[in-house]
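Trainee: Pasting input.cif here (mmCIF, C-alpha atoms):
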data_structure
#
loop_
_atom_site.group_PDB
_atom_site.id
_atom_site.type_symbol
_atom_site.label_atom_id
_atom_site.label_comp_id
_atom_site.auth_asym_id
_atom_site.auth_seq_id
_atom_site.Cartn_x
_atom_site.Cartn_y
_atom_site.Cartn_z
ATOM 1 C CA MET A 8 -32.464 51.745 29.042
ATOM 2 C CA PRO A 9 -35.336 49.239 28.946
ATOM 3 C CA GLY A 10 -34.615 45.580 28.432
ATOM 4 C CA LEU A 11 -34.982 43.896 25.054
ATOM 5 C CA VAL A 12 -38.008 41.710 24.299
ATOM 6 C CA SER A 13 -37.145 38.738 22.082
ATOM 7 C CA PHE A 14 -39.894 36.837 20.302
ATOM 8 C CA VAL A 15 -38.291 33.405 20.202
ATOM 9 C CA GLY A 16 -39.408 30.755 17.731
ATOM 10 C CA ALA A 17 -39.330 27.567 19.802
ATOM 11 C CA GLY A 18 -39.909 25.180 16.921
ATOM 12 C CA PRO A 19 -42.520 22.414 16.896
ATOM 13 C CA GLY A 20 -41.809 20.881 20.305
ATOM 14 C CA ASP A 21 -38.451 19.142 20.277
ATOM 15 C CA PRO A 22 -36.210 21.026 22.765
ATOM 16 C CA GLU A 23 -33.262 20.518 20.400
ATOM 17 C CA LEU A 24 -35.014 22.186 17.463
ATOM 18 C CA VAL A 25 -34.358 25.688 18.750
ATOM 19 C CA THR A 26 -31.669 27.950 17.345
ATOM 20 C CA ILE A 27 -28.602 28.732 19.423
ATOM 21 C CA LYS A 28 -29.645 32.386 19.337
ATOM 22 C CA GLY A 29 -33.122 31.533 20.612
ATOM 23 C CA ARG A 30 -31.810 29.379 23.436
ATOM 24 C CA ARG A 31 -29.379 32.116 24.447
ATOM 25 C CA ALA A 32 -32.234 34.623 24.628
ATOM 26 C CA VAL A 33 -34.084 32.317 27.032
ATOM 27 C CA GLU A 34 -30.963 31.706 29.108
ATOM 28 C CA GLU A 35 -30.264 35.424 29.521
ATOM 29 C CA ALA A 36 -33.814 36.701 30.109
ATOM 30 C CA GLY A 37 -35.097 37.944 33.436
ATOM 31 C CA LEU A 38 -38.630 37.055 32.333
ATOM 32 C CA VAL A 39 -39.547 34.074 30.169
ATOM 33 C CA LEU A 40 -43.113 34.073 28.861
ATOM 34 C CA TYR A 41 -44.072 30.879 27.065
ATOM 35 C CA ALA A 42 -47.337 29.489 25.684
ATOM 36 C CA GLY A 43 -47.581 26.344 27.801
ATOM 37 C CA SER A 44 -50.489 24.984 25.778
ATOM 38 C CA LEU A 45 -48.139 24.643 22.790
ATOM 39 C CA VAL A 46 -44.583 24.924 24.098
ATOM 40 C CA PRO A 47 -43.305 22.109 26.350
ATOM 41 C CA PRO A 48 -41.761 23.230 29.675
ATOM 42 C CA GLU A 49 -38.506 21.481 28.707
ATOM 43 C CA LEU A 50 -37.923 24.236 26.158
ATOM 44 C CA VAL A 51 -37.665 26.901 28.855
ATOM 45 C CA ALA A 52 -35.903 24.758 31.461
ATOM 46 C CA CYS A 53 -32.655 26.485 30.465
ATOM 47 C CA ALA A 54 -33.826 29.783 31.988
ATOM 48 C CA ARG A 55 -31.264 31.188 34.406
ATOM 49 C CA GLU A 56 -31.628 30.830 38.140
ATOM 50 C CA GLY A 57 -33.852 33.545 39.532
ATOM 51 C CA ALA A 58 -35.612 34.266 36.250
ATOM 52 C CA GLN A 59 -39.388 34.581 36.286
ATOM 53 C CA VAL A 60 -40.868 31.838 34.074
ATOM 54 C CA VAL A 61 -44.561 32.315 33.303
ATOM 55 C CA ASP A 62 -46.970 30.138 31.332
ATOM 56 C CA SER A 63 -49.045 32.562 29.254
ATOM 57 C CA ALA A 64 -51.733 30.057 28.215
ATOM 58 C CA GLN A 65 -54.282 31.535 30.617
ATOM 59 C CA LEU A 66 -53.319 35.175 30.065
ATOM 60 C CA THR A 67 -54.785 37.832 27.778
ATOM 61 C CA LEU A 68 -52.765 39.988 25.395
ATOM 62 C CA GLU A 69 -52.882 42.879 27.862
ATOM 63 C CA GLU A 70 -51.749 40.703 30.779
ATOM 64 C CA CYS A 71 -48.825 39.327 28.779
ATOM 65 C CA HIS A 72 -47.828 42.816 27.730
ATOM 66 C CA ALA A 73 -48.011 44.132 31.292
ATOM 67 C CA LEU A 74 -45.584 41.453 32.456
ATOM 68 C CA ALA A 75 -43.184 42.098 29.563
ATOM 69 C CA ARG A 76 -43.416 45.881 29.969
ATOM 70 C CA ASP A 77 -42.800 45.842 33.710
ATOM 71 C CA ALA A 78 -39.785 43.549 33.331
ATOM 72 C CA ALA A 79 -38.308 45.535 30.447
ATOM 73 C CA LEU A 80 -38.766 48.895 32.178
ATOM 74 C CA VAL A 81 -36.577 47.790 35.082
ATOM 75 C CA GLY A 82 -33.895 46.696 32.638
ATOM 76 C CA ASP A 83 -34.597 42.980 32.342
ATOM 77 C CA ASP A 84 -34.511 41.258 28.977
ATOM 78 C CA VAL A 85 -37.633 39.268 28.125
ATOM 79 C CA ALA A 86 -37.978 36.068 26.105
ATOM 80 C CA ARG A 87 -41.466 35.688 24.635
ATOM 81 C CA VAL A 88 -41.372 32.059 23.517
ATOM 82 C CA HIS A 89 -43.668 31.100 20.644
ATOM 83 C CA THR A 90 -44.364 27.689 19.185
ATOM 84 C CA GLY A 91 -42.958 27.174 15.697
ATOM 85 C CA ASP A 92 -42.035 30.486 14.103
ATOM 86 C CA PRO A 93 -43.415 33.785 15.466
ATOM 87 C CA SER A 94 -44.289 35.019 11.968
ATOM 88 C CA LEU A 95 -46.946 32.307 11.481
ATOM 89 C CA TYR A 96 -50.198 32.520 13.457
ATOM 90 C CA GLY A 97 -48.292 33.992 16.394
ATOM 91 C CA ALA A 98 -50.123 37.269 17.178
ATOM 92 C CA LEU A 99 -46.806 39.037 16.642
ATOM 93 C CA ARG A 100 -48.164 42.279 15.222
ATOM 94 C CA GLU A 101 -50.387 43.193 18.148
ATOM 95 C CA GLN A 102 -47.735 42.345 20.713
ATOM 96 C CA ALA A 103 -45.114 44.389 18.871
ATOM 97 C CA ALA A 104 -47.501 47.343 18.527
ATOM 98 C CA LEU A 105 -47.917 47.538 22.312
ATOM 99 C CA LEU A 106 -44.148 47.406 22.815
ATOM 100 C CA ASP A 107 -43.670 50.188 20.244
ATOM 101 C CA ARG A 108 -46.294 52.260 22.015
ATOM 102 C CA ASP A 109 -44.416 51.968 25.293
ATOM 103 C CA GLY A 110 -40.978 52.534 23.800
ATOM 104 C CA ILE A 111 -39.667 49.024 24.463
ATOM 105 C CA PRO A 112 -37.224 47.538 21.930
ATOM 106 C CA TRP A 113 -37.946 44.116 20.461
ATOM 107 C CA ARG A 114 -36.650 41.616 17.933
ATOM 108 C CA VAL A 115 -37.734 38.340 16.357
ATOM 109 C CA ILE A 116 -35.641 35.161 16.476
ATOM 110 C CA PRO A 117 -37.036 32.765 13.873
ATOM 111 C CA GLY A 118 -37.938 29.169 14.583
ATOM 112 C CA ILE A 119 -38.755 25.980 12.709
ATOM 113 C CA THR A 120 -42.393 25.900 11.696
ATOM 114 C CA SER A 121 -44.289 22.620 12.020
ATOM 115 C CA ALA A 122 -44.721 22.262 8.239
ATOM 116 C CA CYS A 123 -40.957 21.972 7.784
ATOM 117 C CA ALA A 124 -40.593 19.781 10.870
ATOM 118 C CA ALA A 125 -43.327 17.426 9.628
ATOM 119 C CA ALA A 126 -41.745 17.182 6.188
ATOM 120 C CA ALA A 127 -38.378 16.384 7.781
ATOM 121 C CA ALA A 128 -39.883 13.765 10.085
ATOM 122 C CA ALA A 129 -41.566 12.040 7.143
ATOM 123 C CA GLY A 130 -38.599 12.431 4.803
ATOM 124 C CA ILE A 131 -40.535 14.250 2.109
ATOM 125 C CA THR A 132 -39.973 17.309 -0.036
ATOM 126 C CA PHE A 133 -42.522 19.979 -0.868
ATOM 127 C CA THR A 134 -40.982 20.783 -4.237
ATOM 128 C CA VAL A 135 -40.662 18.287 -7.081
ATOM 129 C CA PRO A 136 -39.127 19.588 -10.340
ATOM 130 C CA GLU A 137 -41.675 19.996 -13.138
ATOM 131 C CA LEU A 138 -44.569 18.946 -10.853
ATOM 132 C CA THR A 139 -44.728 21.590 -8.136
ATOM 133 C CA GLN A 140 -42.368 24.351 -7.097
ATOM 134 C CA SER A 141 -44.567 26.072 -4.539
ATOM 135 C CA LEU A 142 -45.770 25.594 -0.982
ATOM 136 C CA VAL A 143 -48.996 27.214 0.222
ATOM 137 C CA ILE A 144 -49.288 27.750 3.975
ATOM 138 C CA THR A 145 -52.836 28.388 5.100
ATOM 139 C CA ARG A 146 -55.668 27.380 7.413
ATOM 140 C CA VAL A 147 -59.356 26.642 7.068
ATOM 141 C CA GLU A 148 -61.832 29.300 8.118
ATOM 142 C CA GLY A 149 -62.948 28.968 11.737
ATOM 143 C CA ARG A 150 -63.537 31.682 14.284
ATOM 144 C CA THR A 151 -60.967 33.720 12.379
ATOM 145 C CA PRO A 152 -62.533 34.696 9.029
ATOM 146 C CA MET A 153 -60.631 34.097 5.799
ATOM 147 C CA PRO A 154 -60.557 36.447 2.820
ATOM 148 C CA ASP A 155 -62.670 34.838 0.100
ATOM 149 C CA ARG A 156 -59.699 34.706 -2.286
ATOM 150 C CA GLU A 157 -57.843 32.585 0.296
ATOM 151 C CA LYS A 158 -60.474 29.909 0.804
ATOM 152 C CA ILE A 159 -58.936 26.429 0.709
ATOM 153 C CA ARG A 160 -60.594 25.551 -2.594
ATOM 154 C CA HIS A 161 -59.067 28.568 -4.345
ATOM 155 C CA LEU A 162 -55.546 27.877 -3.071
ATOM 156 C CA ALA A 163 -55.770 24.128 -3.707
ATOM 157 C CA ALA A 164 -56.740 24.789 -7.322
ATOM 158 C CA HIS A 165 -53.060 25.538 -8.021
ATOM 159 C CA LYS A 166 -52.289 21.881 -7.188
ATOM 160 C CA SER A 167 -49.109 22.893 -5.400
ATOM 161 C CA SER A 168 -48.062 21.472 -2.039
ATOM 162 C CA MET A 169 -50.084 22.773 0.893
ATOM 163 C CA ALA A 170 -49.573 22.965 4.642
ATOM 164 C CA ILE A 171 -52.897 23.462 6.400
ATOM 165 C CA TYR A 172 -52.601 24.634 9.991
ATOM 166 C CA LEU A 173 -55.111 24.972 12.829
ATOM 167 C CA SER A 174 -57.759 22.875 11.134
ATOM 168 C CA ALA A 175 -57.975 19.487 12.892
ATOM 169 C CA LYS A 176 -61.316 20.346 14.488
ATOM 170 C CA LEU A 177 -62.657 21.308 11.073
ATOM 171 C CA THR A 178 -61.372 18.374 9.050
ATOM 172 C CA ALA A 179 -64.735 17.789 7.384
ATOM 173 C CA VAL A 180 -64.777 21.380 6.152
ATOM 174 C CA THR A 181 -61.181 21.080 4.954
ATOM 175 C CA ARG A 182 -61.945 17.862 3.109
ATOM 176 C CA ALA A 183 -65.002 19.346 1.423
ATOM 177 C CA GLU A 184 -63.000 22.356 0.244
ATOM 178 C CA LEU A 185 -60.158 20.227 -1.096
ATOM 179 C CA LEU A 186 -62.481 17.812 -2.922
ATOM 180 C CA GLN A 187 -63.858 20.670 -4.996
ATOM 181 C CA VAL A 188 -60.562 20.883 -6.891
ATOM 182 C CA LEU A 189 -58.370 17.873 -6.026
ATOM 183 C CA PRO A 190 -58.786 14.160 -6.857
ATOM 184 C CA PRO A 191 -59.917 12.115 -3.821
ATOM 185 C CA PRO A 192 -56.698 9.982 -3.815
ATOM 186 C CA THR A 193 -54.442 13.045 -3.402
ATOM 187 C CA PRO A 194 -51.927 12.120 -0.641
ATOM 188 C CA VAL A 195 -52.189 13.832 2.740
ATOM 189 C CA LEU A 196 -49.794 13.532 5.670
ATOM 190 C CA CYS A 197 -51.480 14.116 9.022
ATOM 191 C CA ALA A 198 -48.748 15.211 11.425
ATOM 192 C CA TYR A 199 -49.714 15.370 15.097
ATOM 193 C CA ARG A 200 -47.563 17.116 17.745
ATOM 194 C CA VAL A 201 -44.411 16.961 15.657
ATOM 195 C CA GLY A 202 -41.325 16.883 17.853
ATOM 196 C CA TRP A 203 -43.206 15.831 21.002
ATOM 197 C CA PRO A 204 -42.801 12.360 22.580
ATOM 198 C CA ASP A 205 -46.298 11.393 21.373
ATOM 199 C CA GLU A 206 -45.725 12.515 17.772
ATOM 200 C CA LYS A 207 -47.825 10.752 15.131
ATOM 201 C CA LEU A 208 -47.308 10.782 11.365
ATOM 202 C CA VAL A 209 -50.203 9.167 9.520
ATOM 203 C CA TRP A 210 -50.636 8.950 5.751
ATOM 204 C CA THR A 211 -54.080 9.179 4.221
ATOM 205 C CA ASP A 212 -55.682 10.896 1.231
ATOM 206 C CA VAL A 213 -58.089 13.773 0.799
ATOM 207 C CA ASP A 214 -61.095 11.468 0.626
ATOM 208 C CA ASN A 215 -60.282 9.749 3.931
ATOM 209 C CA MET A 216 -59.050 12.680 6.015
ATOM 210 C CA VAL A 217 -61.990 12.736 8.413
ATOM 211 C CA ARG A 218 -61.785 9.014 9.142
ATOM 212 C CA CYS A 219 -58.018 9.197 9.611
ATOM 213 C CA VAL A 220 -58.294 11.986 12.176
ATOM 214 C CA ALA A 221 -61.007 10.158 14.107
ATOM 215 C CA GLU A 222 -59.373 6.724 14.076
ATOM 216 C CA ASN A 223 -55.979 8.051 15.170
ATOM 217 C CA HIS A 224 -57.328 10.530 17.723
ATOM 218 C CA LEU A 225 -55.588 13.441 16.056
ATOM 219 C CA GLU A 226 -56.662 16.556 17.904
ATOM 220 C CA ARG A 227 -55.309 20.077 17.925
ATOM 221 C CA GLN A 228 -51.631 20.530 17.045
ATOM 222 C CA THR A 229 -52.235 18.528 13.869
ATOM 223 C CA ILE A 230 -51.033 19.904 10.568
ATOM 224 C CA PHE A 231 -52.140 18.555 7.193
ATOM 225 C CA LEU A 232 -49.626 18.371 4.373
ATOM 226 C CA VAL A 233 -51.505 18.031 1.092
ATOM 227 C CA LEU A 234 -49.056 16.707 -1.481
ATOM 228 C CA PRO A 235 -50.325 16.323 -5.075
ATOM 229 C CA ALA A 236 -46.807 15.432 -6.293
ATOM 230 C CA GLU A 237 -46.123 12.746 -3.663
ATOM 231 C CA GLY A 238 -45.421 9.342 -5.226
ATOM 232 C CA LYS A 239 -44.900 10.805 -8.700
ATOM 233 C CA ALA A 240 -41.535 10.615 -10.419
ATOM 234 C CA GLY A 241 -41.119 14.212 -11.516
ATOM 235 C CA ALA A 242 -37.739 15.275 -12.894
ATOM 236 C CA LEU A 243 -34.297 15.429 -11.335
ATOM 237 C CA SER A 244 -33.011 18.707 -9.982
ATOM 238 C CA HIS A 245 -30.563 20.590 -12.199
ATOM 239 C CA LEU A 246 -28.504 21.641 -9.181
ATOM 240 C CA TYR A 247 -26.174 18.626 -9.200
ATOM 241 C CA ALA A 248 -26.785 17.418 -12.743
ATOM 242 C CA ALA A 249 -23.545 16.733 -14.624
ATOM 243 C CA ASP A 250 -24.830 18.447 -17.781
ATOM 244 C CA PHE A 251 -25.892 21.648 -15.972
ATOM 245 C CA SER A 252 -23.567 24.636 -15.609
ATOM 246 C CA HIS A 253 -23.807 27.346 -12.987
ATOM 247 C CA SER A 254 -21.524 30.020 -11.537
ATOM 248 C CA PHE A 255 -19.597 27.515 -9.403
ATOM 249 C CA ARG A 256 -19.299 24.583 -11.806
ATOM 250 C CA LYS A 257 -19.075 23.918 -15.517
ATOM 251 C CA SER A 258 -21.040 21.041 -16.991
ATOM 252 C CA LEU A 259 -19.013 17.920 -17.718
ATOM 253 C CA ASP A 260 -19.926 17.967 -21.396
ATOM 254 C CA ARG A 261 -18.041 21.210 -21.985
#
When written as structure tokens, how does the structure in this file appear?
Mentor:
Amino acid sequence: MPGLVSFVGAGPGDPELVTIKGRRAVEEAGLVLYAGSLVPPELVACAREGAQVVDSAQLTLEECHALARDAALVGDDVARVHTGDPSLYGALREQAALLDRDGIPWRVIPGITSACAAAAAAGITFTVPELTQSLVITRVEGRTPMPDREKIRHLAAHKSSMAIYLSAKLTAVTRAELLQVLPPPTPVLCAYRVGWPDEKLVWTDVDNMVRCVAENHLERQTIFLVLPAEGKAGALSHLYAADFSHSFRKSLDR
């Protein structure tokens, strides 16, 4: 039987923000493929003695697949380590399609995406009762085209919380799109290399995004959290409210 290929979500960069299941997959693999441009080597340092550990940053899709296929076909398990969560901007579909073609089993082990890690680091919440109950995860159009209905300005028009990935080099474009529908003072958290030793969390607003990125030298691996409800009171959650009943608790006024 061929070995199992595990797509492991490595989280945003902190070696401790990996699930136990993900770490175990790395520890047991005969081949560990990790994107060294985004995943710190410390995250794969737990690979077992004798395992092949390969930085895939310089490799093509076909080269990565060849390594995984050859290892799996001799019975070795493979850990394909992705930054954040493999389901977001991780090229999962095309990798899985090649494994299916060659009859190699695979699974996905989820990880912490940088939007959630940035929110945790800053102590914020994406959802505020009666102000916003939604989070939009997106990116600005670059070399990868965006469907017109998913342009930043269309999504921002909902005035829900937004996490904008892969857009630090196009901050001016992002700002211009946001300003079409959001007030200039709308709060923005610029989160750079969350979970790495050189992590930066910088608050700004939509109007000053470009200056903030330039002044703080925020390069790639920056995520923008656009938070229209930040700083507003909103309402309290019903979950723990004394006058709110649910299937596990009766309200105190009954």
Trainee: Running the PyMOL selection byres ((chain A and resi 234) around 9) on this model by hand, what would come out? Give it as a ChimeraX atom specification.
Mentor: /A:133,166-170,193-196,232-233,235-237
Trainee: Keeping only C-alpha atoms, take the residues you just selected and write them out as a CSV table (one decimal), in the frame of the given file.
Mentor:
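Just written: result.csv:
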chain,number,residue,atom,x,y,z
A,133,PHE,CA,-42.5,20.0,-0.9
A,166,LYS,CA,-52.3,21.9,-7.2
A,167,SER,CA,-49.1,22.9,-5.4
A,168,SER,CA,-48.1,21.5,-2.0
A,169,MET,CA,-50.1,22.8,0.9
A,170,ALA,CA,-49.6,23.0,4.6
A,193,THR,CA,-54.4,13.0,-3.4
A,194,PRO,CA,-51.9,12.1,-0.6
A,195,VAL,CA,-52.2,13.8,2.7
A,196,LEU,CA,-49.8,13.5,5.7
A,232,LEU,CA,-49.6,18.4,4.4
A,233,VAL,CA,-51.5,18.0,1.1
A,235,PRO,CA,-50.3,16.3,-5.1
A,236,ALA,CA,-46.8,15.4,-6.3
A,237,GLU,CA,-46.1,12.7,-3.7
Trainee: Here is a test: counting only C-alpha atoms, which residue of A:Arg218, A:Val115, A:His165, A:Ala32 is nearest to Gln140 in chain A?
Mentor: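 The answer is A:His165, which sits nearest to Gln140 in chain A.
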Trainee: Taking 4 positions as the minimum chain separation for residues in the same chain, which residues sit within 10 Å of Val15 in chain A when counting all atoms listed in the file? Answer as a ChimeraX atom specification.
Mentor: /A:25-26,28-33,40-41,85-93,114-118
Trainee: Could you tell me which residues the PyMOL selection byres ((chain A and resi 199-213) around 7) returns for this structure, as a list in words?
Mentor: Pro19, Gly20, Asp21, Ser121, Ala124, Ala125, Arg182, Pro191, Pro192, Thr193, Pro194, Val195, Leu196, Cys197, Ala198, Asp214, Asn215, Met216, Cys219, Leu225, Gln228, Thr229 and Ile230 of chain A
Trainee: At a cut-off of 12 Å, using all atoms listed in the file, what residues contact Leu177 in chain A? Leave out same-chain residues fewer than 5 positions from it and give the result as a short mmCIF file (atom, residue, chain, number, x, y, z; two decimals) with C-alpha atoms, in the coordinates of the input.
Mentor:
data_model
loop_
_atom_site.label_atom_id
_atom_site.label_comp_id
_atom_site.auth_asym_id
_atom_site.auth_seq_id
_atom_site.Cartn_x
_atom_site.Cartn_y
_atom_site.Cartn_z
CA ARG A 146 -55.67 27.38 7.41
CA VAL A 147 -59.36 26.64 7.07
CA GLU A 148 -61.83 29.30 8.12
CA GLY A 149 -62.95 28.97 11.74
CA ARG A 150 -63.54 31.68 14.28
CA ILE A 171 -52.90 23.46 6.40
CA TYR A 172 -52.60 24.63 9.99
CA ARG A 182 -61.94 17.86 3.11
CA ALA A 183 -65.00 19.35 1.42
CA GLU A 184 -63.00 22.36 0.24
CA MET A 216 -59.05 12.68 6.02
CA VAL A 217 -61.99 12.74 8.41
CA VAL A 220 -58.29 11.99 12.18
CA ALA A 221 -61.01 10.16 14.11
CA LEU A 225 -55.59 13.44 16.06
CA GLU A 226 -56.66 16.56 17.90
CA ARG A 227 -55.31 20.08 17.92
CA THR A 229 -52.24 18.53 13.87
CA ILE A 230 -51.03 19.90 10.57
CA PHE A 231 -52.14 18.56 7.19
#
Trainee: Pick out the closest residue to Leu105 in chain A from this set: A:Ile27, A:Leu142, A:Val12, A:Ala36. Count only C-alpha atoms.
Mentor: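 Closest candidate: A:Val12.
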Trainee: (-40.8, 40.6, 26.3) in this file's frame - what residues fall within 8 Å of it? Use all atoms listed in the file and give the answer as a list of chain:residue names.
Mentor: A:Leu11, A:Val12, A:Ser13, A:Phe14, A:Leu38, A:Val39, A:Leu40, A:His72, A:Leu74, A:Ala75, A:Arg76, A:Ala78, A:Ala79, A:Asp84, A:Val85, A:Ala86, A:Arg87, A:Trp113
Trainee: Could you turn the residues from that selection into a file that holds C-alpha atoms, as a compact mmCIF listing (two decimals), keeping the file's coordinate frame?
Mentor:
# COMPACT_ATOMS: atom_id res chain seq x y z
CA LEU A 11 -34.98 43.90 25.05
CA VAL A 12 -38.01 41.71 24.30
CA SER A 13 -37.15 38.74 22.08
CA PHE A 14 -39.89 36.84 20.30
CA LEU A 38 -38.63 37.06 32.33
CA VAL A 39 -39.55 34.07 30.17
CA LEU A 40 -43.11 34.07 28.86
CA HIS A 72 -47.83 42.82 27.73
CA LEU A 74 -45.58 41.45 32.46
CA ALA A 75 -43.18 42.10 29.56
CA ARG A 76 -43.42 45.88 29.97
CA ALA A 78 -39.78 43.55 33.33
CA ALA A 79 -38.31 45.54 30.45
CA ASP A 84 -34.51 41.26 28.98
CA VAL A 85 -37.63 39.27 28.12
CA ALA A 86 -37.98 36.07 26.10
CA ARG A 87 -41.47 35.69 24.64
CA TRP A 113 -37.95 44.12 20.46
Trainee: Between A:Ala163, A:Val143, A:Ile119, A:Val46, which is the closest to Ser94 in chain A once you count all atoms listed in the file?
Mentor: A:Ile119
